[in-house]
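Let me begin by presenting the structure, written as structure tokens, before commenting on it.
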Amino acid sequence: MIELTVNGTKHQVDVVPEMPLLWVLRDELGITSPKYGCGVAQCGACTVRINGKAVRSCQAYIGDVAGQSVVTIEGLDNRDQHPVLQAWIEHQVPQCGYCQTGQIMQAISLLEQISRPTDEQINQVMSGNLCRCGTYPRIRAAIHAAAAKKMAEK
Amino acid sequence: MGDLQRISRRAFVFGSAAIAGGIAFGSYSNAEPAATTAANGNPLAAGLGPNSVSFNPWVEISPEKITLIAQHADIGQGVGSVQPIMIAEEMDLDPGQFEIRFAGPSPAYFNTGFADELAPFLAADQSHAAEEARAAALENLRKSGLQMTGGSSTIPDTYEKLRMAGAVARETLKAAAAKRSGVAVADIRTRSGQVILPDGTKIPYVELAAEAAKIPPVLDAKPRDPSKWRMLGKPMTRLDIRSKVMGELKFGIDLKMDGMLFASVKLNPNKGQPLKSYDASKAQSMPGVKKILEIKNGVAVVATNSWYAMRAVEAIDCKWAPSTYPAEQADHWKILEASFKPKFLGKEWRKIGNVDAGLKGGTQLKAEYRAPYVAHQPLEPLNGIAIVSDKGMEIWVGHQSPQAVQYVAATAIGLKPGQVTFHNQWTGGSFGHRLEFENVRVLAEIANQMKGTPIKLVFSREEDFLQDIPRQISVARYKGSVKNGKIVAADLQLAATAPLKGLLERMGAPSKDPDAQLAAGLWNVYYDIPNFRATSYEAQGLSPSTTWRSVGASTAGFFTESFIDELIHAAGLDPMKGRIEMCTVPHYRKVLETVAEMSDWKGPLGKGKGRGVAFVESFGTPTAEVVEVTMTDRGIRIDKVWVAVDVGKVVDPINFQNQVQGGVVWGLGHAINCELTYAKGAVQQTNYHHHEAMRLYQCPEIEVRGLENDPKVRGVGEPPVPPAAPALANAIFAATGRRIREMPFNKFIDFV
């Protein structure tokens, strides 16, 4: 049994330690916001937070995550009022939406590190997250808007 | 269930009701007409609970709730929002007052939007003969009952019928309220899901369901004039945005059933060929493995977790039957090059003047263009859940062809199509991928061997790439001539694999007619060129290919608008002014003029900068794009894109902009760096790092303007794609003097 905390709840899972966290979340725990897109850290759709850091859950072995705290979009504090999620809704970023939870988790991490990122900084941090529908112009706009909103709230 | 029983009584046969000169189009049902409004043709009728009513195949009201049917598949284009909202607009319903359900298979949902594409006339041709042919095509579609999402038809198919469906529902509810209250219908209003009587009494629609069921639907109801719209035509929030942002929306891959097991597959990468033998000794003892199954063209592992299944199936050693197409890519190109012969003629689609004389009469240009196989690869991999019992099969999968899912699944395991119950799902993109059936077919085979157990199949990304039936591969050989500052002749010939024919064949509806998609972007040239010919050749014996966002126009649009650019430069004309002056359709000229104005086009920019313009009409929608690039020391950087599109009516403005921007990103990204190449019969690109398309850092600002001059309401999912590649190539030429005639462009020039 491997123990981990997801969105504040403790879980025990009976899987091999080399199973990626992504598949523990999706198939063992039924938490489906982290998506399987590529399995090799090329798309970012599986991005979650482990101990506060954005991580590709397809590359994190569950054995290494044991005892740590994982947060998916379902577990964000004050999710309905979250400035990044709000910006994503206001800018109507999603088309198919499959990559968007990963995009959002990555954007949250970006804004924690850089409160008012430039376009170049957005490029650097967000280009690992693939969007096949091509919502990039809206992703960029939503990040700028969320940054402005966070600044205004401070 | 009622609709399934009814369909099962219909033969799943395909006639060959050819439209003169157009594509032969089969039938999913027998010749019984598919009713659109009458209750007896309504697939919702049989499933209604007590005291419930359905006026037509799109509206269902029970004492508890109102359900609106999204007729098409949602592949990210916004069907699950705009289609119900078109009904809700007329019914005076607000978002939140109704549930949405995807349509089940039924000829009542036949796609009227394909009529224009199937009639052998140019989209801009509004002549009587053209309209007659379109009416005949529509009748043929009605008889066929073909329910399919594609061809940018989300709005064109449903703009009239869904507003009509809502209007019928509204007027019938008013009639029911009139009967109950004794008040004249003319004095009754509706608002926010309620009927309002003159004295202010409000009756919720759900309370009128039982009474409305007892009166005939008011079929002569009229949809409102667009000037009265509350939601449509105005910025509105797509109904699926919030749940997608919150991570709450369940895609097909997110579904779960009690007792479900997880499956993954390894299939013969030589597409369509069987398994010869396999050794699963290693996989057998791997963790989580429940069962190893042999299927027609490969092996499957059933396990307690998708990852266990993927890992174990990877460990199975398979021997494959070889491909029927050439094992190596170079030989694919050789076959294409040898296909410009009468034996392989698809069709001479258009002929104006005397091309041979015209070519001799001026300065001649010749150019060869190429476009490779490309993958679809929506981010949600192919998947599905199915359970097979003694009675039949139930399948949950996101798919664009409900009836074909029934046909393919049933055929795979010896059932009748009517024994397959299909539940459509929200999908993480498609781009044409979910018109194909590999996941459906193998899921049926697996579930059939695991009777009684729900099986969830998920393709690994690598398997998805390997089985992706790609876009057509194509070579163009173009000739043209210029004289006295004018283009006097163009002889456009291309050879390609046939995408639509391939798809129809796999659906069980083979066609002998030339593939009309190979004419798209080739024959529909709206420039005044006195001597013009457009001819397609269909290469044989190559990889299967299928429809990829914008289909034929995605390759021929690149060839034609690049070559026109070459001729324009040879004639000494400005690429924008030349196009505007040559354009023969007034409202298409307006599209070009608009993009010129938006981009403030003033000719060459100099200093390593360049602009290119391209104009392509596809699926009836004229689209012009200007791309601006800079040659930097790290390669070409795309600075900005301007797009003007005429759709006749912009129904959902924000989503319209998002679709256009996404189409541009799709067109540019794949033109820059994507191709599938075969080696030893299998594609060599098996994940996104080999087939990347555009990432955020490369994405330019994209300015969009929608025009409403076209006499018809047009679609926008695909039309922004075809002009993107030629506009980029033309911009690179303007910036560097290099003419790139083959995709992907990064084989010839670096990009930032």
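Labels for the structure tokens follow display order: chains A, B, ..., residues from 1 in each chain, ligands from 1.
Residues of chain B having any atom within 6 Å of chain A, counting only C-alpha atoms, are Gly76, Lys244, Gly247, Asp254, Asn305, Leu379, Glu380, Gly428, Gly429, Arg461, Gly662, Val665, Arg695, Leu696 and Tyr697 of chain B.
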Using only C-alpha atoms, which residues sit within 12 Å of A:Leu111 once same-chain residues fewer than 3 positions away are excluded, as a PDB file with N, CA and C atoms, in the first residue's frame?
ATOM      1  N   LYS A  53       4.181  22.559  -6.222  1.00  0.00           N
ATOM      2  CA  LYS A  53       4.883  22.783  -7.486  1.00  0.00           C
ATOM      3  C   LYS A  53       4.163  22.093  -8.641  1.00  0.00           C
ATOM      4  N   ALA A  54       4.097  22.781  -9.801  1.00  0.00           N
ATOM      5  CA  ALA A  54       3.455  22.177 -10.979  1.00  0.00           C
ATOM      6  C   ALA A  54       4.324  21.046 -11.513  1.00  0.00           C
ATOM      7  N   PRO A  83      -8.718  33.650  -9.284  1.00  0.00           N
ATOM      8  CA  PRO A  83      -8.550  34.632 -10.371  1.00  0.00           C
ATOM      9  C   PRO A  83      -8.146  34.006 -11.707  1.00  0.00           C
ATOM     10  N   VAL A  84      -7.368  32.940 -11.668  1.00  0.00           N
ATOM     11  CA  VAL A  84      -6.943  32.335 -12.934  1.00  0.00           C
ATOM     12  C   VAL A  84      -8.140  31.620 -13.596  1.00  0.00           C
ATOM     13  N   ILE A 104      -4.242  25.546 -17.002  1.00  0.00           N
ATOM     14  CA  ILE A 104      -4.559  26.385 -15.835  1.00  0.00           C
ATOM     15  C   ILE A 104      -3.600  26.090 -14.687  1.00  0.00           C
ATOM     16  N   MET A 105      -3.344  24.809 -14.427  1.00  0.00           N
ATOM     17  CA  MET A 105      -2.427  24.464 -13.329  1.00  0.00           C
ATOM     18  C   MET A 105      -1.034  25.035 -13.596  1.00  0.00           C
ATOM     19  N   GLN A 106      -0.621  25.022 -14.865  1.00  0.00           N
ATOM     20  CA  GLN A 106       0.678  25.589 -15.215  1.00  0.00           C
ATOM     21  C   GLN A 106       0.654  27.114 -15.057  1.00  0.00           C
ATOM     22  N   ALA A 107      -0.442  27.746 -15.464  1.00  0.00           N
ATOM     23  CA  ALA A 107      -0.554  29.204 -15.381  1.00  0.00           C
ATOM     24  C   ALA A 107      -0.553  29.666 -13.922  1.00  0.00           C
ATOM     25  N   ILE A 108      -1.208  28.896 -13.066  1.00  0.00           N
ATOM     26  CA  ILE A 108      -1.221  29.242 -11.634  1.00  0.00           C
ATOM     27  C   ILE A 108       0.211  29.244 -11.107  1.00  0.00           C
ATOM     28  N   ILE A 114       5.980  34.616 -11.009  1.00  0.00           N
ATOM     29  CA  ILE A 114       6.132  35.936 -11.625  1.00  0.00           C
ATOM     30  C   ILE A 114       4.760  36.595 -11.614  1.00  0.00           C
ATOM     31  N   SER A 115       4.606  37.645 -10.814  1.00  0.00           N
ATOM     32  CA  SER A 115       3.251  38.174 -10.642  1.00  0.00           C
ATOM     33  C   SER A 115       2.731  38.891 -11.883  1.00  0.00           C
ATOM     34  N   ARG A 116       3.613  39.562 -12.641  1.00  0.00           N
ATOM     35  CA  ARG A 116       3.170  40.210 -13.880  1.00  0.00           C
ATOM     36  C   ARG A 116       4.063  39.745 -15.026  1.00  0.00           C
ATOM     37  N   PRO A 117       3.841  38.544 -15.535  1.00  0.00           N
ATOM     38  CA  PRO A 117       4.749  38.024 -16.564  1.00  0.00           C
ATOM     39  C   PRO A 117       4.632  38.787 -17.883  1.00  0.00           C
ATOM     40  N   THR A 118       5.759  38.904 -18.565  1.00  0.00           N
ATOM     41  CA  THR A 118       5.756  39.470 -19.918  1.00  0.00           C
ATOM     42  C   THR A 118       5.337  38.371 -20.889  1.00  0.00           C
ATOM     43  N   GLN A 121       7.982  35.768 -20.955  1.00  0.00           N
ATOM     44  CA  GLN A 121       7.942  34.854 -19.795  1.00  0.00           C
ATOM     45  C   GLN A 121       6.785  33.864 -19.907  1.00  0.00           C
ATOM     46  N   ILE A 122       5.678  34.332 -20.433  1.00  0.00           N
ATOM     47  CA  ILE A 122       4.551  33.413 -20.671  1.00  0.00           C
ATOM     48  C   ILE A 122       4.973  32.349 -21.676  1.00  0.00           C
ATOM     49  N   VAL A 125       7.227  29.655 -19.997  1.00  0.00           N
ATOM     50  CA  VAL A 125       6.619  28.743 -19.022  1.00  0.00           C
ATOM     51  C   VAL A 125       5.477  27.923 -19.621  1.00  0.00           C
ATOM     52  N   MET A 126       4.760  28.490 -20.581  1.00  0.00           N
ATOM     53  CA  MET A 126       3.533  27.842 -21.067  1.00  0.00           C
ATOM     54  C   MET A 126       3.721  27.021 -22.348  1.00  0.00           C
ATOM     55  N   ALA A 142      -5.774  35.526 -21.031  1.00  0.00           N
ATOM     56  CA  ALA A 142      -6.313  35.167 -19.717  1.00  0.00           C
ATOM     57  C   ALA A 142      -5.235  35.267 -18.642  1.00  0.00           C
ATOM     58  N   ILE A 143      -4.003  34.908 -18.986  1.00  0.00           N
ATOM     59  CA  ILE A 143      -2.916  35.009 -18.006  1.00  0.00           C
ATOM     60  C   ILE A 143      -2.658  36.478 -17.662  1.00  0.00           C
ATOM     61  N   HIS A 144      -2.616  37.321 -18.681  1.00  0.00           N
ATOM     62  CA  HIS A 144      -2.426  38.756 -18.407  1.00  0.00           C
ATOM     63  C   HIS A 144      -3.570  39.294 -17.542  1.00  0.00           C
ATOM     64  N   ALA A 145      -4.779  38.882 -17.869  1.00  0.00           N
ATOM     65  CA  ALA A 145      -5.940  39.376 -17.116  1.00  0.00           C
ATOM     66  C   ALA A 145      -5.907  38.893 -15.668  1.00  0.00           C
ATOM     67  N   ALA A 146      -5.540  37.626 -15.486  1.00  0.00           N
ATOM     68  CA  ALA A 146      -5.476  37.080 -14.126  1.00  0.00           C
ATOM     69  C   ALA A 146      -4.393  37.787 -13.325  1.00  0.00           C
ATOM     70  N   ALA A 147      -3.271  38.082 -13.980  1.00  0.00           N
ATOM     71  CA  ALA A 147      -2.179  38.783 -13.299  1.00  0.00           C
ATOM     72  C   ALA A 147      -2.646  40.162 -12.857  1.00  0.00           C
ATOM     73  N   ALA A 148      -3.333  40.854 -13.749  1.00  0.00           N
ATOM     74  CA  ALA A 148      -3.816  42.204 -13.426  1.00  0.00           C
ATOM     75  C   ALA A 148      -4.809  42.148 -12.266  1.00  0.00           C
ATOM     76  N   LYS A 149      -5.652  41.137 -12.287  1.00  0.00           N
ATOM     77  CA  LYS A 149      -6.662  40.982 -11.257  1.00  0.00           C
ATOM     78  C   LYS A 149      -6.015  40.690  -9.895  1.00  0.00           C
ATOM     79  N   LYS A 150      -5.028  39.820  -9.927  1.00  0.00           N
ATOM     80  CA  LYS A 150      -4.339  39.480  -8.672  1.00  0.00           C
ATOM     81  C   LYS A 150      -3.646  40.702  -8.097  1.00  0.00           C
ATOM     82  N   MET A 151      -3.043  41.506  -8.983  1.00  0.00           N
ATOM     83  CA  MET A 151      -2.359  42.708  -8.522  1.00  0.00           C
ATOM     84  C   MET A 151      -3.362  43.676  -7.897  1.00  0.00           C
TER      85      MET A 151
END
- In stretch 490-558 of chain B, DSSP helix (DSSP H, G or I) residues written as a PyMOL selection string: chain B and resi 499-506+516-518+552-558
Based on the selection just made, write C-alpha atoms of those residues as a PDB file, in the first residue's frame.
ATOM      1  CA  PRO B 499      -9.746  11.038 -48.451  1.00  0.00           C
ATOM      2  CA  LEU B 500     -13.519  11.107 -48.684  1.00  0.00           C
ATOM      3  CA  LYS B 501     -13.733   7.964 -50.774  1.00  0.00           C
ATOM      4  CA  GLY B 502     -11.574   6.195 -48.227  1.00  0.00           C
ATOM      5  CA  LEU B 503     -13.828   7.269 -45.392  1.00  0.00           C
ATOM      6  CA  LEU B 504     -17.001   6.249 -47.227  1.00  0.00           C
ATOM      7  CA  GLU B 505     -15.541   2.860 -47.975  1.00  0.00           C
ATOM      8  CA  ARG B 506     -14.664   2.223 -44.334  1.00  0.00           C
ATOM      9  CA  ALA B 516     -14.942  15.745 -54.818  1.00  0.00           C
ATOM     10  CA  GLN B 517     -12.649  16.739 -51.970  1.00  0.00           C
ATOM     11  CA  LEU B 518      -9.725  16.634 -54.395  1.00  0.00           C
ATOM     12  CA  GLY B 552      -8.914  18.611 -49.811  1.00  0.00           C
ATOM     13  CA  ALA B 553      -8.546  22.355 -49.468  1.00  0.00           C
ATOM     14  CA  SER B 554      -5.859  21.925 -46.803  1.00  0.00           C
ATOM     15  CA  THR B 555      -3.442  20.767 -49.494  1.00  0.00           C
ATOM     16  CA  ALA B 556      -4.839  22.142 -52.770  1.00  0.00           C
ATOM     17  CA  GLY B 557      -5.478  25.537 -51.180  1.00  0.00           C
ATOM     18  CA  PHE B 558      -1.769  25.714 -50.401  1.00  0.00           C
TER      19      PHE B 558
END
Please run DSSP on the backbone and report, as an MDAnalysis selection string, all residues within chain A that come out as strand (DSSP E or B).
chainID A and resid 2:6 9:13 20 47:50 53:56 61 69:71
### Message
List as a list in words the protein and nucleic acid residues near A:Glu18, meaning an atom at most 8 Å away when only C-alpha atoms are counted, but skip any in the same chain fewer than 5 places from it.
### Response
Tyr61, Ile62 and Gly63 of chain A
Tell me, counting only C-alpha atoms, for each residue of stretch 563-679 of chain B within 12 Å of stretch 352-374 of chain B, which pair of atoms is nearest and how far apart they are in Å to one decimal, in rows ordered by chain and increasing number, as a Markdown table.
| residue | atom | partner | partner_atom | distance |
| --- | --- | --- | --- | --- |
| B:Phe563 | CA | B:Ala367 | CA | 7.5 |
| B:Ile564 | CA | B:Leu365 | CA | 10.6 |
| B:Asp565 | CA | B:Leu365 | CA | 11.6 |
| B:Glu566 | CA | B:Leu365 | CA | 8.2 |
| B:Leu567 | CA | B:Leu365 | CA | 7.4 |
| B:Ile568 | CA | B:Leu365 | CA | 11.0 |
| B:His569 | CA | B:Leu365 | CA | 11.0 |
| B:Ala570 | CA | B:Leu365 | CA | 8.4 |
| B:Ala571 | CA | B:Thr363 | CA | 8.9 |
| B:Trp666 | CA | B:Val374 | CA | 11.7 |
| B:Gly667 | CA | B:Val374 | CA | 11.5 |
| B:Gly669 | CA | B:Val374 | CA | 11.5 |
| B:His670 | CA | B:Val374 | CA | 7.8 |
| B:Ala671 | CA | B:Ala371 | CA | 8.9 |
| B:Ile672 | CA | B:Ala371 | CA | 11.5 |
| B:Asn673 | CA | B:Val374 | CA | 10.0 |
| B:Cys674 | CA | B:Val374 | CA | 6.4 |
| B:Glu675 | CA | B:Val374 | CA | 4.8 |
| B:Leu676 | CA | B:Tyr373 | CA | 5.1 |
| B:Thr677 | CA | B:Tyr373 | CA | 7.0 |
| B:Tyr678 | CA | B:Tyr373 | CA | 9.3 |
Export, as a short mmCIF file (atom, residue, chain, number, x, y, z; two decimals), in the first residue's frame, the selected residues with N, CA and C atoms.
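Resulting contents of result.cif:
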data_model
loop_
_atom_site.label_atom_id
_atom_site.label_comp_id
_atom_site.auth_asym_id
_atom_site.auth_seq_id
_atom_site.Cartn_x
_atom_site.Cartn_y
_atom_site.Cartn_z
N PHE B 563 0.75 29.16 -56.05
CA PHE B 563 1.06 29.28 -57.47
C PHE B 563 0.48 30.56 -58.07
N ILE B 564 -0.74 30.90 -57.63
CA ILE B 564 -1.33 32.17 -58.06
C ILE B 564 -0.38 33.31 -57.67
N ASP B 565 0.19 33.21 -56.48
CA ASP B 565 1.15 34.22 -56.02
C ASP B 565 2.36 34.29 -56.96
N GLU B 566 2.82 33.11 -57.38
CA GLU B 566 3.95 33.09 -58.32
C GLU B 566 3.58 33.80 -59.62
N LEU B 567 2.38 33.51 -60.12
CA LEU B 567 1.94 34.13 -61.37
C LEU B 567 1.78 35.64 -61.20
N ILE B 568 1.23 36.02 -60.05
CA ILE B 568 1.04 37.46 -59.78
C ILE B 568 2.38 38.19 -59.77
N HIS B 569 3.37 37.58 -59.11
CA HIS B 569 4.70 38.20 -59.09
C HIS B 569 5.29 38.25 -60.50
N ALA B 570 5.08 37.17 -61.25
CA ALA B 570 5.62 37.12 -62.63
C ALA B 570 4.96 38.19 -63.50
N ALA B 571 3.71 38.48 -63.19
CA ALA B 571 2.99 39.49 -63.98
C ALA B 571 3.31 40.90 -63.50
N TRP B 666 -3.96 25.96 -36.41
CA TRP B 666 -3.91 24.60 -36.98
C TRP B 666 -3.21 24.62 -38.34
N GLY B 667 -3.63 25.53 -39.20
CA GLY B 667 -3.08 25.60 -40.55
C GLY B 667 -1.60 25.95 -40.54
N GLY B 669 0.64 25.77 -37.92
CA GLY B 669 1.48 24.84 -37.16
C GLY B 669 1.82 23.59 -37.95
N HIS B 670 0.81 23.01 -38.59
CA HIS B 670 1.08 21.78 -39.34
C HIS B 670 1.88 22.05 -40.60
N ALA B 671 1.67 23.23 -41.20
CA ALA B 671 2.45 23.58 -42.40
C ALA B 671 3.93 23.75 -42.04
N ILE B 672 4.18 24.22 -40.84
CA ILE B 672 5.57 24.49 -40.45
C ILE B 672 6.33 23.20 -40.16
N ASN B 673 5.71 22.28 -39.41
CA ASN B 673 6.57 21.19 -38.91
C ASN B 673 5.96 19.79 -38.85
N CYS B 674 4.85 19.54 -39.51
CA CYS B 674 4.25 18.21 -39.35
C CYS B 674 4.22 17.37 -40.63
N GLU B 675 4.60 16.14 -40.50
CA GLU B 675 4.39 15.15 -41.56
C GLU B 675 4.45 13.76 -40.93
N LEU B 676 3.76 12.84 -41.58
CA LEU B 676 3.90 11.42 -41.23
C LEU B 676 4.64 10.77 -42.39
N THR B 677 5.64 10.00 -42.05
CA THR B 677 6.38 9.28 -43.09
C THR B 677 6.40 7.80 -42.74
N TYR B 678 6.32 6.96 -43.76
CA TYR B 678 6.30 5.51 -43.54
C TYR B 678 7.71 4.92 -43.67
#
Atom CA of B:Ala103 and atom CA of B:Pro84, how far apart in Å?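 Computing the Euclidean distance for atom CA of B:Pro84 and atom CA of B:Ala103 yields 11.5 Å.
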Excluding B:Gly485 and residues on its chain fewer than 2 positions from it, collect all residues at most 8 Å away from it, counting only C-alpha atoms, and give them as a list in words.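 Within the cut-off, the hits are Val482, Lys483, Ile487, Ala571, Gly572 and Leu573 of chain B.
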Now that the selection is made, can you save its residues with C-alpha atoms as a compact mmCIF listing (two decimals), in the first residue's frame?
# COMPACT_ATOMS: atom_id res chain seq x y z
CA VAL B 482 1.33 35.73 -67.84
CA LYS B 483 1.18 38.40 -70.50
CA ILE B 487 -2.52 35.95 -65.78
CA ALA B 571 2.99 39.49 -63.98
CA GLY B 572 4.49 42.30 -61.93
CA LEU B 573 1.37 42.78 -59.83
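Across the model, the gap from atom CA of B:Ala727 to atom CA of B:Val613 is 4.6 Å.
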Exercise for review: Return the single residue from B:Gly418, B:Pro622, B:Pro50, B:Gly432 that is closest to B:Gly392, with distances computed using only C-alpha atoms.
Suggested key: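 Of B:Gly418, B:Pro622, B:Pro50, B:Gly432, the one nearest B:Gly392, counting only C-alpha atoms, is B:Gly418.
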Practice problem: Within 8 Å of stretch 179-194 of chain B, counting only C-alpha atoms, which residues show up once you throw out same-chain ones fewer than 4 positions away? Write them as an MDAnalysis selection string, please. | Solution: chainID B and resid 91:94 97 170 174:175 198 202:205
Atom pair atom CA of B:Leu173 / atom CA of B:Ala209: separation (Å)
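About the pair atom CA of B:Leu173 and atom CA of B:Ala209: they are 7.8 Å apart.
Nearest-residue note for B:Val302: choosing from B:Val408, B:Ile241, B:Leu208, B:Leu443, the minimum distance belongs to B:Leu443, counting only C-alpha atoms.
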